[in-house]
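A.B. asks: Have a look at this one before I ask anything.
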Amino acid sequence: LGLTLAPLDDELRTRLGLETAAEGLVVTAVDPASEAYTKGLAEGDLITEAGQQKIVRLQDLEDRIKEAKDGGRKSILLLVRRGGDPRFVALSIE
């Protein structure tokens, strides 16, 4: 996907100014040559859903990507939050 991700912990919540109940994966780096970069994903973004299911661990995202591939889909829909604003981003998984 061109993303480096980390599970949300208390330190990251504080650094990003998120409420303590926030869950998801934090984008820690984006490959400038990736589709994620061209679609505007940035360091500090919080991915809270993939394939319309909540994700908390890296394994959750890997499972959703595998399900999408097994289902013959070529992309996965991510729910990304930045500064409290949610938006959907579809990324290719081929």
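By convention here, the chains of the structure tokens are called A, B, ... in the order presented, each chain's residues are numbered starting at 1, and ligands are numbered starting at 1 in the order presented.
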Using only C-alpha atoms, which protein or nucleic acid residues come within 8 Å of Val27 of chain A? Drop anything in the same chain fewer than 6 positions from it, and give the result as JSON, numbers by chain.
C.D. replies: {"A": [3, 4, 5, 6, 42, 43, 44, 45, 46, 47]}
A.B. asks: Please report the interatomic distance between atom CA of Ser75 of chain A and atom CA of Arg13 of chain A in Å with one decimal.
C.D. replies: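 Between these atoms lies a distance of 28.3 Å.
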A.B. asks: Quick one: pull the distance between atom CA of Glu67 of chain A and atom CA of Gly40 of chain A, Å, one decimal.
C.D. replies: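 Atom-to-atom, atom CA of Glu67 of chain A to atom CA of Gly40 of chain A, that is 24.7 Å.
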A.B. asks: Between A:Ala29, A:Ile55, A:Leu16, A:Leu1, which is the closest to Val89 of chain A once you count only C-alpha atoms?
C.D. replies: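 Residue with the minimum atom-to-atom distance to Val89 of chain A: A:Leu1.
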A.B. asks: Would you kindly return, as an MDAnalysis selection string, each protein, DNA or RNA residue with an atom no farther than 6 Å from any atom of Leu79 of chain A, considering only C-alpha atoms and excluding same-chain residues fewer than 6 positions away?
C.D. replies: chainID A and resid 47:49 87:88
A.B. asks: Now that the selection is made, can you save its residues with all heavy atoms as a PDB file, in the first residue's frame?
C.D. replies:
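So the final result, stored in out-v6.pdb, reads:
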ATOM      1  N   ILE A  47      -6.071   5.510  10.379  1.00  0.00           N
ATOM      2  CA  ILE A  47      -6.952   4.611   9.616  1.00  0.00           C
ATOM      3  C   ILE A  47      -7.768   3.823  10.635  1.00  0.00           C
ATOM      4  O   ILE A  47      -7.206   3.096  11.463  1.00  0.00           O
ATOM      5  CB  ILE A  47      -6.145   3.671   8.711  1.00  0.00           C
ATOM      6  CG1 ILE A  47      -5.317   4.493   7.715  1.00  0.00           C
ATOM      7  CG2 ILE A  47      -7.077   2.709   7.969  1.00  0.00           C
ATOM      8  CD1 ILE A  47      -4.353   3.662   6.883  1.00  0.00           C
ATOM      9  N   THR A  48      -9.097   3.997  10.599  1.00  0.00           N
ATOM     10  CA  THR A  48      -9.948   3.362  11.607  1.00  0.00           C
ATOM     11  C   THR A  48     -10.760   2.200  11.050  1.00  0.00           C
ATOM     12  O   THR A  48     -11.233   1.359  11.812  1.00  0.00           O
ATOM     13  CB  THR A  48     -10.904   4.385  12.245  1.00  0.00           C
ATOM     14  OG1 THR A  48     -11.681   5.003  11.222  1.00  0.00           O
ATOM     15  CG2 THR A  48     -10.129   5.451  12.998  1.00  0.00           C
ATOM     16  N   GLU A  49     -10.925   2.154   9.722  1.00  0.00           N
ATOM     17  CA  GLU A  49     -11.665   1.052   9.111  1.00  0.00           C
ATOM     18  C   GLU A  49     -11.003   0.665   7.795  1.00  0.00           C
ATOM     19  O   GLU A  49     -10.421   1.498   7.105  1.00  0.00           O
ATOM     20  CB  GLU A  49     -13.114   1.458   8.789  1.00  0.00           C
ATOM     21  CG  GLU A  49     -14.016   1.599   9.975  1.00  0.00           C
ATOM     22  CD  GLU A  49     -15.446   1.959   9.569  1.00  0.00           C
ATOM     23  OE1 GLU A  49     -15.783   1.879   8.375  1.00  0.00           O
ATOM     24  OE2 GLU A  49     -16.230   2.316  10.465  1.00  0.00           O
ATOM     25  N   ARG A  87     -12.695  10.625   6.111  1.00  0.00           N
ATOM     26  CA  ARG A  87     -12.892  10.535   4.669  1.00  0.00           C
ATOM     27  C   ARG A  87     -12.518   9.132   4.216  1.00  0.00           C
ATOM     28  O   ARG A  87     -11.728   8.446   4.866  1.00  0.00           O
ATOM     29  CB  ARG A  87     -12.095  11.593   3.905  1.00  0.00           C
ATOM     30  CG  ARG A  87     -10.603  11.384   3.925  1.00  0.00           C
ATOM     31  CD  ARG A  87      -9.884  12.554   3.253  1.00  0.00           C
ATOM     32  NE  ARG A  87      -8.454  12.366   3.275  1.00  0.00           N
ATOM     33  CZ  ARG A  87      -7.723  12.069   2.204  1.00  0.00           C
ATOM     34  NH1 ARG A  87      -8.281  11.963   1.021  1.00  0.00           N
ATOM     35  NH2 ARG A  87      -6.438  11.892   2.307  1.00  0.00           N
ATOM     36  N   PHE A  88     -13.140   8.730   3.106  1.00  0.00           N
ATOM     37  CA  PHE A  88     -12.852   7.403   2.563  1.00  0.00           C
ATOM     38  C   PHE A  88     -11.827   7.507   1.453  1.00  0.00           C
ATOM     39  O   PHE A  88     -11.880   8.420   0.632  1.00  0.00           O
ATOM     40  CB  PHE A  88     -14.136   6.752   2.037  1.00  0.00           C
ATOM     41  CG  PHE A  88     -15.054   6.271   3.127  1.00  0.00           C
ATOM     42  CD1 PHE A  88     -16.138   7.034   3.530  1.00  0.00           C
ATOM     43  CD2 PHE A  88     -14.818   5.064   3.764  1.00  0.00           C
ATOM     44  CE1 PHE A  88     -16.980   6.600   4.542  1.00  0.00           C
ATOM     45  CE2 PHE A  88     -15.650   4.617   4.786  1.00  0.00           C
ATOM     46  CZ  PHE A  88     -16.731   5.381   5.167  1.00  0.00           C
TER      47      PHE A  88
END
A.B. asks: Could you tell me which of A:Gly71, A:Gly2, A:Pro7, A:Gly24 comes closest to Leu41 of chain A if we count only C-alpha atoms?
C.D. replies: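 Using only C-alpha atoms, Leu41 of chain A sits closest to A:Gly2.
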A.B. asks: Can you work out the spacing between atom CA of Thr28 of chain A and atom CA of Gln53 of chain A in Å, to one decimal?
C.D. replies: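 Computing the Euclidean distance for atom CA of Thr28 of chain A and atom CA of Gln53 of chain A yields 21.2 Å.
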A.B. asks: Would you list the contacts of Leu91 of chain A as a ChimeraX atom specification, taking every protein, DNA or RNA residue within 8 Å and counting only C-alpha atoms, but skipping same-chain residues closer than 6 positions in sequence?
C.D. replies: /A:1,35-36,75-78
A.B. asks: Store the residues picked out above, limited to N, CA and C atoms, as a PDB file, in the first residue's frame.
C.D. replies:
ATOM      1  N   LEU A   1       0.813  -1.206   0.000  1.00  0.00           N
ATOM      2  CA  LEU A   1       0.000   0.000   0.000  1.00  0.00           C
ATOM      3  C   LEU A   1       0.849   1.259   0.000  1.00  0.00           C
ATOM      4  N   GLU A  35       0.463   5.093  -4.487  1.00  0.00           N
ATOM      5  CA  GLU A  35      -0.890   5.587  -4.725  1.00  0.00           C
ATOM      6  C   GLU A  35      -1.428   6.303  -3.480  1.00  0.00           C
ATOM      7  N   ALA A  36      -1.072   5.791  -2.301  1.00  0.00           N
ATOM      8  CA  ALA A  36      -1.522   6.408  -1.046  1.00  0.00           C
ATOM      9  C   ALA A  36      -1.076   7.868  -0.992  1.00  0.00           C
ATOM     10  N   SER A  75      -9.247  -3.336  -4.977  1.00  0.00           N
ATOM     11  CA  SER A  75      -8.908  -2.230  -4.080  1.00  0.00           C
ATOM     12  C   SER A  75      -9.609  -2.447  -2.744  1.00  0.00           C
ATOM     13  N   ILE A  76      -9.177  -1.668  -1.766  1.00  0.00           N
ATOM     14  CA  ILE A  76      -9.800  -1.724  -0.443  1.00  0.00           C
ATOM     15  C   ILE A  76     -10.132  -0.299  -0.020  1.00  0.00           C
ATOM     16  N   LEU A  77     -11.285  -0.149   0.621  1.00  0.00           N
ATOM     17  CA  LEU A  77     -11.738   1.156   1.068  1.00  0.00           C
ATOM     18  C   LEU A  77     -11.289   1.374   2.512  1.00  0.00           C
ATOM     19  N   LEU A  78     -10.563   2.454   2.733  1.00  0.00           N
ATOM     20  CA  LEU A  78     -10.087   2.797   4.071  1.00  0.00           C
ATOM     21  C   LEU A  78     -10.836   4.020   4.582  1.00  0.00           C
TER      22      LEU A  78
END
A.B. asks: Compile the contact shell of Gly17 of chain A as a JSON list (two decimals) with all heavy atoms, in the first residue's frame: residues with an atom at most 12 Å away, counting only C-alpha atoms, same-chain residues fewer than 2 positions apart removed.
C.D. replies:
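part.json, freshly written:
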[["chain", "number", "residue", "atom", "x", "y", "z"],
["A", 8, "LEU", "N", -2.16, 2.34, 17.34],
["A", 8, "LEU", "CA", -2.32, 3.52, 18.19],
["A", 8, "LEU", "C", -2.04, 3.15, 19.64],
["A", 8, "LEU", "O", -2.58, 2.17, 20.15],
["A", 8, "LEU", "CB", -3.75, 4.04, 18.04],
["A", 8, "LEU", "CG", -4.04, 5.47, 18.45],
["A", 8, "LEU", "CD1", -3.08, 6.44, 17.78],
["A", 8, "LEU", "CD2", -5.46, 5.82, 18.09],
["A", 9, "ASP", "N", -1.16, 3.91, 20.28],
["A", 9, "ASP", "CA", -0.92, 3.73, 21.72],
["A", 9, "ASP", "C", -1.08, 5.09, 22.40],
["A", 9, "ASP", "O", -1.33, 6.10, 21.74],
["A", 9, "ASP", "CB", 0.46, 3.10, 21.98],
["A", 9, "ASP", "CG", 1.61, 3.94, 21.45],
["A", 9, "ASP", "OD1", 1.42, 5.15, 21.20],
["A", 9, "ASP", "OD2", 2.71, 3.38, 21.27],
["A", 10, "ASP", "N", -0.94, 5.10, 23.71],
["A", 10, "ASP", "CA", -1.18, 6.34, 24.47],
["A", 10, "ASP", "C", -0.24, 7.47, 24.02],
["A", 10, "ASP", "O", -0.65, 8.63, 23.92],
["A", 10, "ASP", "CB", -1.02, 6.10, 25.97],
["A", 10, "ASP", "CG", -2.19, 5.28, 26.52],
["A", 10, "ASP", "OD1", -3.26, 5.27, 25.88],
["A", 10, "ASP", "OD2", -2.02, 4.64, 27.57],
["A", 11, "GLU", "N", 1.01, 7.12, 23.74],
["A", 11, "GLU", "CA", 1.98, 8.14, 23.32],
["A", 11, "GLU", "C", 1.55, 8.78, 21.99],
["A", 11, "GLU", "O", 1.57, 10.00, 21.84],
["A", 11, "GLU", "CB", 3.37, 7.51, 23.19],
["A", 11, "GLU", "CG", 4.44, 8.52, 22.78],
["A", 11, "GLU", "CD", 5.75, 7.85, 22.39],
["A", 11, "GLU", "OE1", 6.05, 6.76, 22.92],
["A", 11, "GLU", "OE2", 6.45, 8.42, 21.54],
["A", 12, "LEU", "N", 1.14, 7.93, 21.04],
["A", 12, "LEU", "CA", 0.69, 8.45, 19.75],
["A", 12, "LEU", "C", -0.60, 9.24, 19.88],
["A", 12, "LEU", "O", -0.77, 10.27, 19.23],
["A", 12, "LEU", "CB", 0.51, 7.31, 18.74],
["A", 12, "LEU", "CG", 1.79, 6.78, 18.09],
["A", 12, "LEU", "CD1", 1.53, 5.48, 17.35],
["A", 12, "LEU", "CD2", 2.39, 7.82, 17.16],
["A", 13, "ARG", "N", -1.51, 8.77, 20.73],
["A", 13, "ARG", "CA", -2.76, 9.51, 20.96],
["A", 13, "ARG", "C", -2.46, 10.92, 21.45],
["A", 13, "ARG", "O", -3.03, 11.89, 20.97],
["A", 13, "ARG", "CB", -3.64, 8.78, 21.99],
["A", 13, "ARG", "CG", -4.40, 7.62, 21.43],
["A", 13, "ARG", "CD", -5.37, 7.04, 22.48],
["A", 13, "ARG", "NE", -5.88, 5.76, 22.01],
["A", 13, "ARG", "CZ", -5.35, 4.58, 22.33],
["A", 13, "ARG", "NH1", -4.32, 4.50, 23.15],
["A", 13, "ARG", "NH2", -5.87, 3.47, 21.85],
["A", 14, "THR", "N", -1.54, 11.03, 22.41],
["A", 14, "THR", "CA", -1.16, 12.33, 22.96],
["A", 14, "THR", "C", -0.51, 13.19, 21.89],
["A", 14, "THR", "O", -0.87, 14.36, 21.71],
["A", 14, "THR", "CB", -0.19, 12.15, 24.16],
["A", 14, "THR", "OG1", -0.84, 11.33, 25.13],
["A", 14, "THR", "CG2", 0.18, 13.47, 24.77],
["A", 15, "ARG", "N", 0.42, 12.61, 21.14],
["A", 15, "ARG", "CA", 1.14, 13.36, 20.11],
["A", 15, "ARG", "C", 0.21, 13.88, 19.03],
["A", 15, "ARG", "O", 0.39, 14.98, 18.50],
["A", 15, "ARG", "CB", 2.24, 12.49, 19.50],
["A", 15, "ARG", "CG", 3.36, 13.30, 18.89],
["A", 15, "ARG", "CD", 4.56, 12.47, 18.59],
["A", 15, "ARG", "NE", 4.35, 11.70, 17.38],
["A", 15, "ARG", "CZ", 5.01, 10.60, 17.06],
["A", 15, "ARG", "NH1", 5.93, 10.12, 17.86],
["A", 15, "ARG", "NH2", 4.76, 9.95, 15.95],
["A", 19, "GLU", "N", -8.51, 11.59, 21.30],
["A", 19, "GLU", "CA", -9.13, 11.19, 22.56],
["A", 19, "GLU", "C", -8.63, 9.80, 22.95],
["A", 19, "GLU", "O", -8.21, 9.02, 22.09],
["A", 19, "GLU", "CB", -10.67, 11.23, 22.46],
["A", 19, "GLU", "CG", -11.27, 10.24, 21.49],
["A", 19, "GLU", "CD", -11.44, 10.77, 20.07],
["A", 19, "GLU", "OE1", -10.83, 11.80, 19.73],
["A", 19, "GLU", "OE2", -12.16, 10.13, 19.30],
["A", 20, "THR", "N", -8.71, 9.48, 24.24],
["A", 20, "THR", "CA", -8.16, 8.22, 24.73],
["A", 20, "THR", "C", -8.90, 7.01, 24.17],
["A", 20, "THR", "O", -8.35, 5.92, 24.13],
["A", 20, "THR", "CB", -8.21, 8.16, 26.27],
["A", 20, "THR", "OG1", -9.54, 8.45, 26.70],
["A", 20, "THR", "CG2", -7.26, 9.16, 26.89],
["A", 21, "ALA", "N", -10.13, 7.19, 23.71],
["A", 21, "ALA", "CA", -10.89, 6.07, 23.16],
["A", 21, "ALA", "C", -10.58, 5.81, 21.69],
["A", 21, "ALA", "O", -11.05, 4.83, 21.11],
["A", 21, "ALA", "CB", -12.39, 6.33, 23.33],
["A", 22, "ALA", "N", -9.80, 6.69, 21.06],
["A", 22, "ALA", "CA", -9.50, 6.53, 19.64],
["A", 22, "ALA", "C", -8.77, 5.21, 19.39],
["A", 22, "ALA", "O", -7.91, 4.79, 20.16],
["A", 22, "ALA", "CB", -8.64, 7.69, 19.14],
["A", 44, "GLY", "N", 0.63, 10.81, 10.26],
["A", 44, "GLY", "CA", -0.27, 11.31, 11.30],
["A", 44, "GLY", "C", -1.73, 10.99, 11.05],
["A", 44, "GLY", "O", -2.56, 11.15, 11.94],
["A", 45, "ASP", "N", -2.06, 10.56, 9.82],
["A", 45, "ASP", "CA", -3.44, 10.15, 9.55],
["A", 45, "ASP", "C", -3.75, 8.89, 10.35],
["A", 45, "ASP", "O", -2.86, 8.07, 10.62],
["A", 45, "ASP", "CB", -3.65, 9.85, 8.06],
["A", 45, "ASP", "CG", -3.73, 11.12, 7.21],
["A", 45, "ASP", "OD1", -3.77, 12.22, 7.77],
["A", 45, "ASP", "OD2", -3.76, 10.97, 5.98],
["A", 46, "LEU", "N", -5.01, 8.73, 10.73],
["A", 46, "LEU", "CA", -5.45, 7.57, 11.49],
["A", 46, "LEU", "C", -6.41, 6.76, 10.64],
["A", 46, "LEU", "O", -7.44, 7.28, 10.18],
["A", 46, "LEU", "CB", -6.14, 8.03, 12.78],
["A", 46, "LEU", "CG", -6.67, 6.93, 13.69],
["A", 46, "LEU", "CD1", -5.54, 6.08, 14.25],
["A", 46, "LEU", "CD2", -7.49, 7.52, 14.83],
["A", 82, "ARG", "N", -8.33, 12.65, 9.87],
["A", 82, "ARG", "CA", -7.26, 13.63, 10.06],
["A", 82, "ARG", "C", -7.90, 14.83, 10.75],
["A", 82, "ARG", "O", -8.82, 15.42, 10.22],
["A", 82, "ARG", "CB", -6.66, 14.05, 8.73],
["A", 82, "ARG", "CG", -5.55, 15.09, 8.88],
["A", 82, "ARG", "CD", -5.03, 15.59, 7.57],
["A", 82, "ARG", "NE", -4.49, 14.50, 6.78],
["A", 82, "ARG", "CZ", -4.33, 14.56, 5.45],
["A", 82, "ARG", "NH1", -4.67, 15.63, 4.78],
["A", 82, "ARG", "NH2", -3.83, 13.52, 4.80],
["A", 83, "GLY", "N", -7.41, 15.13, 11.95],
["A", 83, "GLY", "CA", -7.97, 16.26, 12.68],
["A", 83, "GLY", "C", -9.46, 16.12, 12.92],
["A", 83, "GLY", "O", -10.19, 17.09, 12.88],
["A", 84, "GLY", "N", -9.91, 14.89, 13.11],
["A", 84, "GLY", "CA", -11.32, 14.64, 13.39],
["A", 84, "GLY", "C", -12.19, 14.50, 12.16],
["A", 84, "GLY", "O", -13.33, 14.09, 12.26]]
A.B. asks: Using only C-alpha atoms, which residue out of A:Ile93, A:Ile65, A:Leu18, A:Ala33 lies closest to Gln52 of chain A?
C.D. replies: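 Comparing A:Ile93, A:Ile65, A:Leu18, A:Ala33 against Gln52 of chain A, the winner is A:Ile65.
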A.B. asks: From chain A, collect each residue whose DSSP state is strand (DSSP E or B) and return the set as a count of residues only.
C.D. replies: 34
